[in-house]
$ cat start.txt   # compact mmCIF, C-alpha atoms
# COMPACT_ATOMS: atom_id res chain seq x y z
CA MET A 94 0.00 0.00 0.00
CA GLY A 95 1.33 3.36 -0.94
CA VAL A 96 2.03 6.18 1.35
CA VAL A 97 -0.95 8.51 1.81
CA LYS A 98 -0.16 12.09 2.49
CA LEU A 99 -2.34 13.72 5.13
CA SER A 100 -3.21 17.24 4.33
CA THR A 101 -5.61 19.91 5.52
CA ALA A 102 -6.03 21.12 1.99
CA GLY A 103 -9.57 19.72 1.69
CA ILE A 104 -10.73 20.69 5.18
CA LEU A 105 -12.32 24.07 5.23
CA ASP A 106 -13.15 24.35 8.92
CA TYR A 107 -10.55 23.11 11.33
CA GLN A 108 -8.69 24.27 14.40
CA LYS A 109 -5.24 23.46 15.66
CA TYR A 110 -4.74 22.47 19.27
CA SER A 111 -1.46 22.26 21.08
CA SER A 112 -2.75 19.58 23.46
CA ALA A 113 -3.76 16.03 22.64
CA LEU A 114 -6.45 16.36 25.33
CA ALA A 115 -8.18 19.21 23.52
CA GLY A 116 -11.92 18.75 23.25
CA ASN A 117 -12.16 16.60 26.40
CA SER A 118 -13.57 17.85 29.63
CA PRO A 119 -10.74 18.77 31.96
CA TYR A 120 -10.24 16.60 35.03
CA ILE A 121 -11.09 18.51 38.15
CA PRO A 122 -10.11 16.62 41.29
CA PRO A 123 -12.79 16.52 43.95
CA ALA A 124 -12.56 19.23 46.56
CA PRO A 125 -10.92 17.91 49.71
CA SER A 126 -13.27 17.26 52.58
CA ALA A 127 -13.50 20.06 55.12
CA TYR A 128 -14.83 17.72 57.81
CA ASP A 129 -12.44 15.07 59.07
CA LEU A 130 -12.62 12.34 61.65
CA LEU A 131 -9.64 12.94 63.94
CA GLU A 132 -9.96 10.43 66.76
CA THR A 133 -12.56 8.14 68.24
CA GLU A 134 -12.87 6.13 71.39
CA ILE A 135 -15.35 3.32 71.84
CA LEU A 136 -15.31 2.00 75.37
CA THR A 137 -14.82 -1.71 75.93
CA GLY A 138 -15.24 -1.34 79.68
CA SER A 139 -16.56 1.26 82.08
CA GLN A 140 -14.41 4.27 82.82
CA ALA A 141 -14.72 7.62 84.53
CA SER A 142 -13.53 9.85 81.71
CA VAL A 143 -12.28 10.13 78.14
CA THR A 144 -9.45 12.47 77.16
CA PHE A 145 -8.36 13.87 73.82
CA SER A 146 -4.90 15.40 74.19
CA SER A 147 -2.12 17.17 72.25
CA LEU A 148 -4.84 18.87 70.24
CA ASN A 149 -3.19 22.18 69.43
CA SER A 150 0.11 20.64 68.40
CA THR A 151 -1.57 17.94 66.32
CA TYR A 152 -4.52 19.76 64.77
CA GLY A 153 -4.15 23.48 65.48
CA ALA A 154 -2.55 24.35 62.16
CA ASP A 155 -5.18 22.65 60.02
CA TYR A 156 -8.53 22.99 61.75
CA GLN A 157 -10.69 25.96 62.65
CA HIS A 158 -13.42 24.24 64.64
CA LEU A 159 -13.89 20.91 66.39
CA GLN A 160 -16.94 18.75 66.90
CA ILE A 161 -17.57 15.84 69.26
CA ARG A 162 -20.24 13.29 68.49
CA ALA A 163 -21.06 11.19 71.53
CA THR A 164 -23.29 8.28 72.36
CA HIS A 165 -23.07 7.70 76.08
CA LEU A 166 -24.19 4.99 78.45
CA HIS A 167 -23.60 5.03 82.18
CA THR A 168 -23.02 2.51 84.93
CA ALA A 169 -25.58 4.21 87.19
CA SER A 170 -28.56 6.46 86.66
CA ASN A 171 -28.30 10.23 86.31
CA GLY A 172 -25.11 10.11 84.32
CA THR A 173 -24.26 12.95 81.98
CA ILE A 174 -21.22 14.41 80.18
CA LEU A 175 -19.12 17.05 81.90
CA GLY A 176 -16.29 18.78 80.03
CA GLN A 177 -13.03 20.41 81.07
CA PHE A 178 -10.28 21.93 78.94
CA ASN A 179 -6.51 21.87 79.43
CA SER A 180 -7.03 20.20 82.84
CA ASP A 181 -8.48 23.46 84.19
CA THR A 182 -10.45 22.53 87.29
CA GLY A 183 -11.11 26.10 88.40
CA SER A 184 -14.42 27.93 88.27
CA SER A 185 -13.72 28.93 84.69
CA TYR A 186 -16.82 27.68 82.97
CA ARG A 187 -20.25 29.15 82.27
CA VAL A 188 -23.30 27.28 81.01
CA HIS A 189 -26.80 28.24 79.92
CA ALA A 190 -29.36 25.61 79.03
CA LEU A 191 -32.70 25.43 77.27
CA ARG A 192 -34.39 22.15 77.98
CA GLY A 193 -37.60 20.26 77.43
CA ASN A 194 -38.59 17.43 79.75
CA GLY A 195 -41.74 16.25 78.03
CA SER A 196 -44.11 18.58 79.84
CA ALA A 197 -42.49 22.03 79.88
CA VAL A 198 -39.58 24.04 78.53
CA SER A 199 -37.26 25.71 81.01
CA SER A 200 -34.09 27.74 80.95
CA ALA A 201 -31.19 27.62 83.37
CA ASP A 202 -28.09 29.66 84.17
CA TYR A 203 -25.58 27.36 85.82
CA GLY A 204 -23.40 30.25 87.01
CA SER A 205 -19.69 29.75 87.59
CA ARG A 206 -18.80 26.12 87.33
CA THR A 207 -15.75 23.89 87.43
CA SER A 208 -16.88 22.07 84.29
CA LEU A 209 -19.18 22.40 81.31
CA VAL A 210 -22.41 20.43 81.14
CA LEU A 211 -22.60 18.91 77.66
CA GLY A 212 -25.09 16.05 77.87
CA VAL A 213 -28.47 15.21 79.35
CA ASP A 214 -29.04 13.10 82.44
CA VAL A 215 -29.48 9.45 81.52
CA PRO A 216 -32.05 7.84 83.80
CA ASN A 217 -30.98 4.22 83.36
CA THR A 218 -27.99 2.09 82.46
CA THR A 219 -29.23 0.35 79.33
CA THR A 220 -30.29 3.01 76.82
CA PRO A 221 -27.86 5.52 75.37
CA ALA A 222 -28.19 9.27 75.13
CA ALA A 223 -26.52 11.34 72.45
CA ALA A 224 -24.81 14.70 72.11
CA VAL A 225 -23.36 16.67 69.24
CA ILE A 226 -20.94 19.26 70.64
CA ASP A 227 -19.37 22.10 68.67
CA LEU A 228 -16.23 23.89 69.83
CA LEU A 229 -15.69 27.19 68.02
CA ASP A 230 -12.20 28.52 67.27
CA PRO A 231 -10.55 26.30 69.90
CA PHE A 232 -7.01 27.12 68.77
CA GLU A 233 -7.33 30.89 68.64
CA THR A 234 -5.78 32.77 71.53
CA SER A 235 -7.63 36.07 71.16
CA LYS A 236 -10.96 34.95 72.60
CA TYR A 237 -12.61 32.69 75.09
CA LEU A 238 -13.63 29.26 73.84
CA THR A 239 -17.34 28.97 73.13
CA VAL A 240 -19.17 25.68 72.97
CA ARG A 241 -22.66 24.59 72.05
CA SER A 242 -24.32 21.22 72.43
CA LEU A 243 -27.49 19.53 71.24
CA ALA A 244 -28.13 16.65 73.60
CA GLY A 245 -31.00 14.32 74.24
CA TYR A 246 -32.35 11.08 75.57
CA GLY A 247 -35.44 9.92 73.73
CA SER A 248 -37.07 7.60 76.22
CA GLY A 249 -38.46 9.42 79.21
CA GLY A 250 -35.63 11.94 79.26
CA ASN A 251 -34.82 15.46 78.15
CA ILE A 252 -33.89 17.33 75.00
CA ASN A 253 -31.44 20.12 75.76
CA LEU A 254 -29.56 22.93 74.06
CA TYR A 255 -26.45 24.15 75.88
CA SER A 256 -24.32 27.21 75.47
CA GLY A 257 -20.94 26.95 77.14
CA LEU A 258 -17.97 29.23 77.70
CA TRP A 259 -14.46 28.60 78.97
CA LEU A 260 -13.04 31.81 80.42
CA ASN A 261 -9.56 31.26 79.08
CA THR A 262 -7.83 32.37 75.89
CA ALA A 263 -5.30 29.54 75.83
CA ALA A 264 -5.19 27.34 72.77
CA LEU A 265 -6.99 24.08 73.41
CA THR A 266 -4.65 21.21 74.15
CA THR A 267 -6.82 18.77 76.09
CA ILE A 268 -10.50 17.88 76.27
CA THR A 269 -11.56 15.79 79.23
CA LEU A 270 -15.07 14.36 79.16
CA THR A 271 -16.16 12.97 82.48
CA GLY A 272 -19.27 10.98 83.25
CA ALA A 273 -21.32 12.23 86.17
CA THR A 274 -21.54 8.51 86.73
CA ASN A 275 -18.98 6.35 84.95
CA PHE A 276 -19.32 5.87 81.20
CA ASN A 277 -20.30 2.32 80.41
CA THR A 278 -19.21 -0.18 77.77
CA GLY A 279 -20.31 0.80 74.30
CA SER A 280 -20.11 4.54 74.89
CA ARG A 281 -18.59 6.30 71.92
CA PHE A 282 -16.82 9.63 71.66
CA SER A 283 -15.58 10.83 68.27
CA LEU A 284 -13.63 14.01 67.58
CA TYR A 285 -13.93 15.76 64.22
CA GLY A 286 -12.20 18.78 62.75
CA LEU A 287 -13.55 21.41 60.40
CA LYS A 288 -10.69 22.70 58.32
CA ALA A 289 -9.48 26.25 58.18
CA ALA A 290 -9.61 27.83 54.73
CA MET B 147 -4.63 10.12 61.17
CA ALA B 148 -7.39 12.43 59.94
CA THR B 149 -10.01 10.71 57.81
CA PRO B 150 -12.21 12.77 55.47
CA THR B 151 -15.84 12.00 56.16
CA TYR B 152 -19.36 13.48 55.93
CA VAL B 153 -19.96 11.53 52.74
CA ALA B 154 -23.07 11.90 50.59
CA LEU B 155 -24.87 8.53 50.48
CA ALA B 156 -28.17 9.43 48.84
CA GLU B 157 -29.88 12.45 47.33
CA ILE B 158 -33.50 12.63 46.22
CA GLU B 159 -35.47 15.55 44.83
CA LEU B 160 -39.15 14.75 44.61
CA ALA B 161 -40.61 15.15 41.13
CA SER B 162 -44.15 14.93 42.45
CA ALA B 163 -45.96 15.01 45.77
CA THR B 164 -45.03 11.97 47.84
CA SER B 165 -46.20 10.88 51.28
CA SER B 166 -43.34 8.52 52.05
CA VAL B 167 -39.78 8.25 50.80
CA THR B 168 -37.55 5.27 51.54
CA LEU B 169 -33.78 5.43 51.49
CA THR B 170 -32.16 2.03 51.25
CA GLY B 171 -29.05 0.28 50.05
CA PHE B 172 -26.67 2.74 51.67
CA SER B 173 -23.31 1.70 53.02
CA GLN B 174 -22.88 0.23 56.49
CA ASP B 175 -19.29 1.46 56.65
CA TYR B 176 -20.10 4.59 58.64
CA ARG B 177 -21.08 5.12 62.28
CA ASP B 178 -23.66 7.91 62.11
CA LEU B 179 -26.12 9.15 59.54
CA ILE B 180 -27.27 12.71 59.00
CA LEU B 181 -30.59 13.13 57.23
CA VAL B 182 -31.44 16.53 55.77
CA VAL B 183 -34.95 17.23 54.47
CA ASN B 184 -35.65 20.60 52.91
CA GLY B 185 -39.05 21.39 51.45
CA ALA B 186 -42.71 21.65 52.23
CA SER B 187 -45.83 19.65 52.89
CA SER B 188 -49.17 19.95 51.14
CA GLY B 189 -50.74 20.27 54.59
CA THR B 190 -49.52 20.57 58.14
CA SER B 191 -48.17 17.20 59.12
CA LEU B 192 -46.00 15.36 61.57
CA VAL B 193 -42.89 13.92 60.01
CA GLY B 194 -41.67 10.55 61.23
CA LEU B 195 -38.97 8.04 60.44
CA ARG B 196 -39.22 4.27 60.35
CA PHE B 197 -36.20 2.04 60.30
CA ASN B 198 -35.94 -1.32 58.55
CA SER B 199 -39.70 -1.13 57.84
CA ASP B 200 -40.43 -1.49 61.56
CA THR B 201 -44.04 -0.37 62.07
CA GLY B 202 -44.20 -1.71 65.62
CA THR B 203 -44.60 0.53 68.64
CA ASN B 204 -40.86 0.67 69.24
CA TYR B 205 -40.25 4.40 69.15
CA SER B 206 -40.32 7.10 71.81
CA TYR B 207 -39.49 10.80 71.83
CA VAL B 208 -39.21 14.01 73.77
CA LEU B 209 -39.41 17.41 72.10
CA MET B 210 -39.38 21.09 72.86
CA LEU B 211 -40.57 23.92 70.69
CA GLY B 212 -41.08 27.62 70.49
CA ASN B 213 -43.65 29.24 68.22
CA GLY B 214 -43.00 32.91 68.82
CA GLY B 215 -45.64 33.21 71.51
CA SER B 216 -44.98 30.34 73.86
CA THR B 217 -42.91 27.23 74.43
CA ASP B 218 -43.99 23.67 74.90
CA SER B 219 -42.53 20.26 75.54
CA ALA B 220 -44.09 16.89 74.91
CA SER B 221 -43.11 13.26 74.95
CA GLY B 222 -44.47 9.94 73.83
CA SER B 223 -43.69 6.26 74.11
CA SER B 224 -44.84 3.17 72.21
CA GLN B 225 -45.02 5.14 68.98
CA ASP B 226 -45.08 3.46 65.57
CA GLU B 227 -42.58 5.90 64.11
CA ALA B 228 -39.70 8.08 65.23
CA ARG B 229 -41.21 11.52 65.50
CA VAL B 230 -38.70 14.11 64.33
CA GLY B 231 -40.60 17.25 63.33
CA VAL B 232 -43.55 18.99 61.74
CA PHE B 233 -43.80 20.28 58.18
CA TRP B 234 -46.07 23.06 56.92
CA SER B 235 -46.89 24.34 53.45
CA THR B 236 -44.27 27.04 53.95
CA PRO B 237 -40.56 26.13 53.75
CA ASN B 238 -39.22 23.72 56.38
CA THR B 239 -35.85 22.26 57.23
CA LEU B 240 -35.22 19.09 59.16
CA ILE B 241 -31.79 17.83 60.16
CA THR B 242 -31.63 14.55 62.06
CA GLN B 243 -28.54 12.95 63.55
CA ILE B 244 -28.95 9.18 63.61
CA GLN B 245 -26.30 8.02 66.05
CA ASP B 246 -24.57 4.64 65.77
CA TYR B 247 -26.87 3.43 63.00
CA SER B 248 -24.56 0.59 62.05
CA ALA B 249 -23.93 -0.60 65.63
CA THR B 250 -25.65 -3.73 66.89
CA ASP B 251 -24.95 -3.38 70.60
CA LYS B 252 -27.33 -0.57 71.53
CA ASN B 253 -30.67 1.07 70.91
CA LYS B 254 -30.58 3.96 68.46
CA THR B 255 -30.77 7.59 69.53
CA LEU B 256 -31.69 10.45 67.20
CA LEU B 257 -31.25 14.18 67.66
CA SER B 258 -33.34 16.40 65.38
CA ARG B 259 -33.77 20.08 64.68
CA SER B 260 -36.88 21.08 62.74
CA ASN B 261 -37.40 24.67 61.63
CA ASN B 262 -40.19 26.62 59.98
CA ALA B 263 -39.68 30.37 60.02
CA SER B 264 -43.43 31.03 59.83
CA ASN B 265 -44.44 28.69 62.62
CA ARG B 266 -41.95 27.19 65.03
CA VAL B 267 -38.50 25.93 65.86
CA SER B 268 -38.14 22.63 67.65
CA ALA B 269 -35.66 20.03 68.86
CA THR B 270 -36.42 16.37 69.40
CA ALA B 271 -34.64 13.38 70.90
CA THR B 272 -35.92 10.03 69.72
CA ARG B 273 -35.20 6.42 70.57
CA TRP B 274 -35.68 3.36 68.43
CA ALA B 275 -35.76 0.41 70.82
CA SER B 276 -33.79 -1.92 68.61
CA ASN B 277 -30.16 -3.05 68.48
CA SER B 278 -30.42 -3.83 64.76
CA ALA B 279 -28.22 -1.95 62.32
CA ILE B 280 -30.28 0.45 60.23
CA HIS B 281 -30.44 -0.56 56.57
CA THR B 282 -33.55 1.35 55.55
CA VAL B 283 -34.82 4.80 56.47
CA SER B 284 -38.40 5.69 55.55
CA VAL B 285 -39.34 9.35 55.84
CA VAL B 286 -43.09 9.58 56.38
CA ASN B 287 -45.45 12.52 56.03
CA ASP B 288 -48.22 11.38 58.35
CA VAL B 289 -51.29 13.18 57.02
CA SER B 290 -50.45 14.76 53.66
CA ALA B 291 -47.50 14.70 51.29
CA PHE B 292 -44.11 16.24 50.73
CA THR B 293 -44.42 18.62 47.81
CA ALA B 294 -42.51 18.34 44.55
CA GLY B 295 -39.08 19.87 44.88
CA THR B 296 -38.57 18.67 48.42
CA THR B 297 -35.06 17.30 48.77
CA LEU B 298 -33.86 14.49 51.00
CA SER B 299 -30.13 14.01 51.55
CA LEU B 300 -28.39 11.31 53.54
CA TYR B 301 -24.79 11.56 54.73
CA GLY B 302 -22.48 9.08 56.40
CA ILE B 303 -20.09 9.92 59.23
CA GLU B 304 -17.20 7.64 60.14
CA ALA B 305 -16.05 7.11 63.68
$ encode --input "start.txt" --output "structure tokens"
Amino acid sequence: MGVVKLSTAGILDYQKYSSALAGNSPYIPPAPSAYDLLETEILTGSQASVTFSSLNSTYGADYQHLQIRATHLHTASNGTILGQFNSDTGSSYRVHALRGNGSAVSSADYGSRTSLVLGVDVPNTTTPAAAVIDLLDPFETSKYLTVRSLAGYGSGGNINLYSGLWLNTAALTTITLTGATNFNTGSRFSLYGLKAA
Amino acid sequence: MATPTYVALAEIELASATSSVTLTGFSQDYRDLILVVNGASSGTSLVGLRFNSDTGTNYSYVLMLGNGGSTDSASGSSQDEARVGVFWSTPNTLITQIQDYSATDKNKTLLSRSNNASNRVSATATRWASNSAIHTVSVVNDVSAFTAGTTLSLYGIEA
């Protein structure tokens, strides 16, 4: 077979491209997630508290906000989640609550406290309660750390909204979550980060 | 090590009025689900969830609400659905956290926020008295129908 010369002589409408990929849709990689699982702890036995530590050094450069998602069971009735930061056990915490108990809505000012209240009371040892806790700007050192929580127990319990404040401008290094009664097996505490831009 | 999560599992936009929407076949590889419903109802209606087609009286709830003039709180047990909010004909949003949906060692707890700027804002905690992993979520409009254009989104959260 003879050699055939390719020519544009007979093509009246054509365009030259410098890329072999011309005409194809460009590949756009998916945007990276802004919400990351950082750590989780699922209890295999009862324990008094759960601690997330080295937070500023590990996550401070990458994350703007933190979130904790918790499902908590307790070894005795009237358990709840109490929170402290950077091992501060002073009266450095403020809490307001809006709560519904099945018959009325009430509001409470907890005053100066040695810990945040982040969960609802759990009236028995077999059914879990849940809380979704947001920590805003935990690594900034120009403002106090503000916290909010949506917490509830759907079987004869309460549904609560909490607003919390830690009167300290230190960057967050440690979160200690303590059960008002010990956390029981199966309790789960997961820490998430929302990335900084 | 940080793990990207908050993964879209299902997205539905209703093409016509529908009284019940079932989300199924989603992954069991996550720990929590977040359900987002944004839209309206053809008439004022409770919105409930049923899991794994369970129509037994295995659900209970406690809620609180404010309607601009007063507040109220109510609770119920032995319900045949997980009550999570109320929809009106004006725009509504419902966001429900379904905790530990894939776990088989505990009952399931839900936390919901339901908003309607013309009527009320509410929060609800709900229990499904079952240790079964959730494979199916049915979103039920009790007395009317979700209008066309209502969107339902389901996300998975690892733990």
$ closest_residue --input "start.txt" --among "A:Thr207, A:Asn261, A:Ser248, A:Thr137" --to "chain B" --atoms "only C-alpha atoms"
A:Ser248
$ residues_around --input "start.txt" --residues "stretch 230-236 of chain B" --least-positions-apart "6" --cutoff "10 Å" --atoms "all atoms listed in the file" --output "PDB file with C-alpha atoms, in the coordinates of the input"
ATOM      1  CA  ASN B 184     -35.650  20.600  52.910  1.00  0.00           C
ATOM      2  CA  GLY B 185     -39.050  21.390  51.450  1.00  0.00           C
ATOM      3  CA  ALA B 186     -42.710  21.650  52.230  1.00  0.00           C
ATOM      4  CA  SER B 187     -45.830  19.650  52.890  1.00  0.00           C
ATOM      5  CA  SER B 188     -49.170  19.950  51.140  1.00  0.00           C
ATOM      6  CA  GLY B 189     -50.740  20.270  54.590  1.00  0.00           C
ATOM      7  CA  THR B 190     -49.520  20.570  58.140  1.00  0.00           C
ATOM      8  CA  SER B 191     -48.170  17.200  59.120  1.00  0.00           C
ATOM      9  CA  LEU B 192     -46.000  15.360  61.570  1.00  0.00           C
ATOM     10  CA  VAL B 193     -42.890  13.920  60.010  1.00  0.00           C
ATOM     11  CA  GLY B 194     -41.670  10.550  61.230  1.00  0.00           C
ATOM     12  CA  LEU B 195     -38.970   8.040  60.440  1.00  0.00           C
ATOM     13  CA  TYR B 207     -39.490  10.800  71.830  1.00  0.00           C
ATOM     14  CA  VAL B 208     -39.210  14.010  73.770  1.00  0.00           C
ATOM     15  CA  LEU B 209     -39.410  17.410  72.100  1.00  0.00           C
ATOM     16  CA  LEU B 211     -40.570  23.920  70.690  1.00  0.00           C
ATOM     17  CA  THR B 242     -31.630  14.550  62.060  1.00  0.00           C
ATOM     18  CA  LEU B 256     -31.690  10.450  67.200  1.00  0.00           C
ATOM     19  CA  LEU B 257     -31.250  14.180  67.660  1.00  0.00           C
ATOM     20  CA  SER B 258     -33.340  16.400  65.380  1.00  0.00           C
ATOM     21  CA  ARG B 259     -33.770  20.080  64.680  1.00  0.00           C
ATOM     22  CA  SER B 260     -36.880  21.080  62.740  1.00  0.00           C
ATOM     23  CA  ASN B 261     -37.400  24.670  61.630  1.00  0.00           C
ATOM     24  CA  ASN B 262     -40.190  26.620  59.980  1.00  0.00           C
ATOM     25  CA  ALA B 263     -39.680  30.370  60.020  1.00  0.00           C
ATOM     26  CA  SER B 264     -43.430  31.030  59.830  1.00  0.00           C
ATOM     27  CA  ASN B 265     -44.440  28.690  62.620  1.00  0.00           C
ATOM     28  CA  ARG B 266     -41.950  27.190  65.030  1.00  0.00           C
ATOM     29  CA  VAL B 267     -38.500  25.930  65.860  1.00  0.00           C
ATOM     30  CA  SER B 268     -38.140  22.630  67.650  1.00  0.00           C
ATOM     31  CA  ALA B 269     -35.660  20.030  68.860  1.00  0.00           C
ATOM     32  CA  THR B 270     -36.420  16.370  69.400  1.00  0.00           C
ATOM     33  CA  ALA B 271     -34.640  13.380  70.900  1.00  0.00           C
ATOM     34  CA  THR B 272     -35.920  10.030  69.720  1.00  0.00           C
ATOM     35  CA  VAL B 285     -39.340   9.350  55.840  1.00  0.00           C
ATOM     36  CA  ASN B 287     -45.450  12.520  56.030  1.00  0.00           C
ATOM     37  CA  ASP B 288     -48.220  11.380  58.350  1.00  0.00           C
ATOM     38  CA  SER B 290     -50.450  14.760  53.660  1.00  0.00           C
ATOM     39  CA  ALA B 291     -47.500  14.700  51.290  1.00  0.00           C
ATOM     40  CA  PHE B 292     -44.110  16.240  50.730  1.00  0.00           C
ATOM     41  CA  THR B 293     -44.420  18.620  47.810  1.00  0.00           C
TER      42      THR B 293
END
$ residues_around --input "start.txt" --residues "A:Asn194" --least-positions-apart "4" --cutoff "10 Å" --atoms "all atoms listed in the file" --output "list in words"
Val198, Ser199, Gly245, Tyr246, Gly249, Gly250, Asn251, Ile252 and Asn253 of chain A; Val208, Leu209, Met210, Asp218, Ser219, Ala220 and Ser221 of chain B
$ write_last_selection --input "start.txt" --atoms "C-alpha atoms" --output "PDB file, in the frame of the given file"
ATOM      1  CA  VAL A 198     -39.580  24.040  78.530  1.00  0.00           C
ATOM      2  CA  SER A 199     -37.260  25.710  81.010  1.00  0.00           C
ATOM      3  CA  GLY A 245     -31.000  14.320  74.240  1.00  0.00           C
ATOM      4  CA  TYR A 246     -32.350  11.080  75.570  1.00  0.00           C
ATOM      5  CA  GLY A 249     -38.460   9.420  79.210  1.00  0.00           C
ATOM      6  CA  GLY A 250     -35.630  11.940  79.260  1.00  0.00           C
ATOM      7  CA  ASN A 251     -34.820  15.460  78.150  1.00  0.00           C
ATOM      8  CA  ILE A 252     -33.890  17.330  75.000  1.00  0.00           C
ATOM      9  CA  ASN A 253     -31.440  20.120  75.760  1.00  0.00           C
TER      10      ASN A 253
ATOM     11  CA  VAL B 208     -39.210  14.010  73.770  1.00  0.00           C
ATOM     12  CA  LEU B 209     -39.410  17.410  72.100  1.00  0.00           C
ATOM     13  CA  MET B 210     -39.380  21.090  72.860  1.00  0.00           C
ATOM     14  CA  ASP B 218     -43.990  23.670  74.900  1.00  0.00           C
ATOM     15  CA  SER B 219     -42.530  20.260  75.540  1.00  0.00           C
ATOM     16  CA  ALA B 220     -44.090  16.890  74.910  1.00  0.00           C
ATOM     17  CA  SER B 221     -43.110  13.260  74.950  1.00  0.00           C
TER      18      SER B 221
END
$ residues_around --input "start.txt" --residues "A:Gly279" --least-positions-apart "3" --cutoff "12 Å" --atoms "only C-alpha atoms" --output "ChimeraX atom specification"
/A:134-140,163-168,218-222,276,282 /B:246,249-253
$ write_last_selection --input "start.txt" --atoms "C-alpha atoms" --output "PDB file, in the coordinates of the input"
ATOM      1  CA  GLU A 134     -12.870   6.130  71.390  1.00  0.00           C
ATOM      2  CA  ILE A 135     -15.350   3.320  71.840  1.00  0.00           C
ATOM      3  CA  LEU A 136     -15.310   2.000  75.370  1.00  0.00           C
ATOM      4  CA  THR A 137     -14.820  -1.710  75.930  1.00  0.00           C
ATOM      5  CA  GLY A 138     -15.240  -1.340  79.680  1.00  0.00           C
ATOM      6  CA  SER A 139     -16.560   1.260  82.080  1.00  0.00           C
ATOM      7  CA  GLN A 140     -14.410   4.270  82.820  1.00  0.00           C
ATOM      8  CA  ALA A 163     -21.060  11.190  71.530  1.00  0.00           C
ATOM      9  CA  THR A 164     -23.290   8.280  72.360  1.00  0.00           C
ATOM     10  CA  HIS A 165     -23.070   7.700  76.080  1.00  0.00           C
ATOM     11  CA  LEU A 166     -24.190   4.990  78.450  1.00  0.00           C
ATOM     12  CA  HIS A 167     -23.600   5.030  82.180  1.00  0.00           C
ATOM     13  CA  THR A 168     -23.020   2.510  84.930  1.00  0.00           C
ATOM     14  CA  THR A 218     -27.990   2.090  82.460  1.00  0.00           C
ATOM     15  CA  THR A 219     -29.230   0.350  79.330  1.00  0.00           C
ATOM     16  CA  THR A 220     -30.290   3.010  76.820  1.00  0.00           C
ATOM     17  CA  PRO A 221     -27.860   5.520  75.370  1.00  0.00           C
ATOM     18  CA  ALA A 222     -28.190   9.270  75.130  1.00  0.00           C
ATOM     19  CA  PHE A 276     -19.320   5.870  81.200  1.00  0.00           C
ATOM     20  CA  PHE A 282     -16.820   9.630  71.660  1.00  0.00           C
TER      21      PHE A 282
ATOM     22  CA  ASP B 246     -24.570   4.640  65.770  1.00  0.00           C
ATOM     23  CA  ALA B 249     -23.930  -0.600  65.630  1.00  0.00           C
ATOM     24  CA  THR B 250     -25.650  -3.730  66.890  1.00  0.00           C
ATOM     25  CA  ASP B 251     -24.950  -3.380  70.600  1.00  0.00           C
ATOM     26  CA  LYS B 252     -27.330  -0.570  71.530  1.00  0.00           C
ATOM     27  CA  ASN B 253     -30.670   1.070  70.910  1.00  0.00           C
TER      28      ASN B 253
END
$ closest_residue --input "start.txt" --among "B:Val167, B:Ala294, B:Leu155, B:Ile244" --to "chain A" --atoms "all atoms listed in the file"
B:Ile244
$ closest_residue --input "start.txt" --among "B:Asn204, B:Ser248, B:Ser165, B:Thr217" --to "chain A" --atoms "all atoms listed in the file"
B:Thr217
$ atom_distance --input "start.txt" --atom1 "atom CA of A:Val210" --atom2 "atom CA of B:Arg177"
24.3 Å
$ closest_residue --input "start.txt" --among "B:Ser199, B:Thr151, B:Gln174, B:Thr255" --to "B:Ser284" --atoms "only C-alpha atoms"
B:Ser199
$ closest_residue --input "start.txt" --among "B:Val283, B:Ala228, B:Leu169, B:Ala305" --to "B:Glu157" --atoms "only C-alpha atoms"
B:Leu169
$ closest_residue --input "start.txt" --among "A:Pro216, A:Gly286, A:Gly257, A:Gly195" --to "chain B" --atoms "all atoms listed in the file"
A:Gly195
$ atom_distance --input "start.txt" --atom1 "atom CA of A:Thr144" --atom2 "atom CA of A:Leu238"
17.6 Å
$ atom_distance --input "start.txt" --atom1 "atom CA of B:Leu300" --atom2 "atom CA of B:Ser223"
26.1 Å
$ residues_near_point --input "start.txt" --point "(-20.8, 13.6, 57.8)" --cutoff "6 Å" --atoms "only C-alpha atoms" --output "list in words"
Thr151, Tyr152, Val153, Tyr301, Gly302 and Ile303 of chain B
$ residues_around --input "start.txt" --residues "A:Thr269" --least-positions-apart "3" --cutoff "6 Å" --atoms "all atoms listed in the file" --output "MDAnalysis selection string"
chainID A and resid 143:144 176:177
$ residues_around --input "start.txt" --residues "B:Asp200" --least-positions-apart "5" --cutoff "12 Å" --atoms "all atoms listed in the file" --output "PyMOL selection string"
chain B and resi 195+205+225-228+274-276+278+280-284
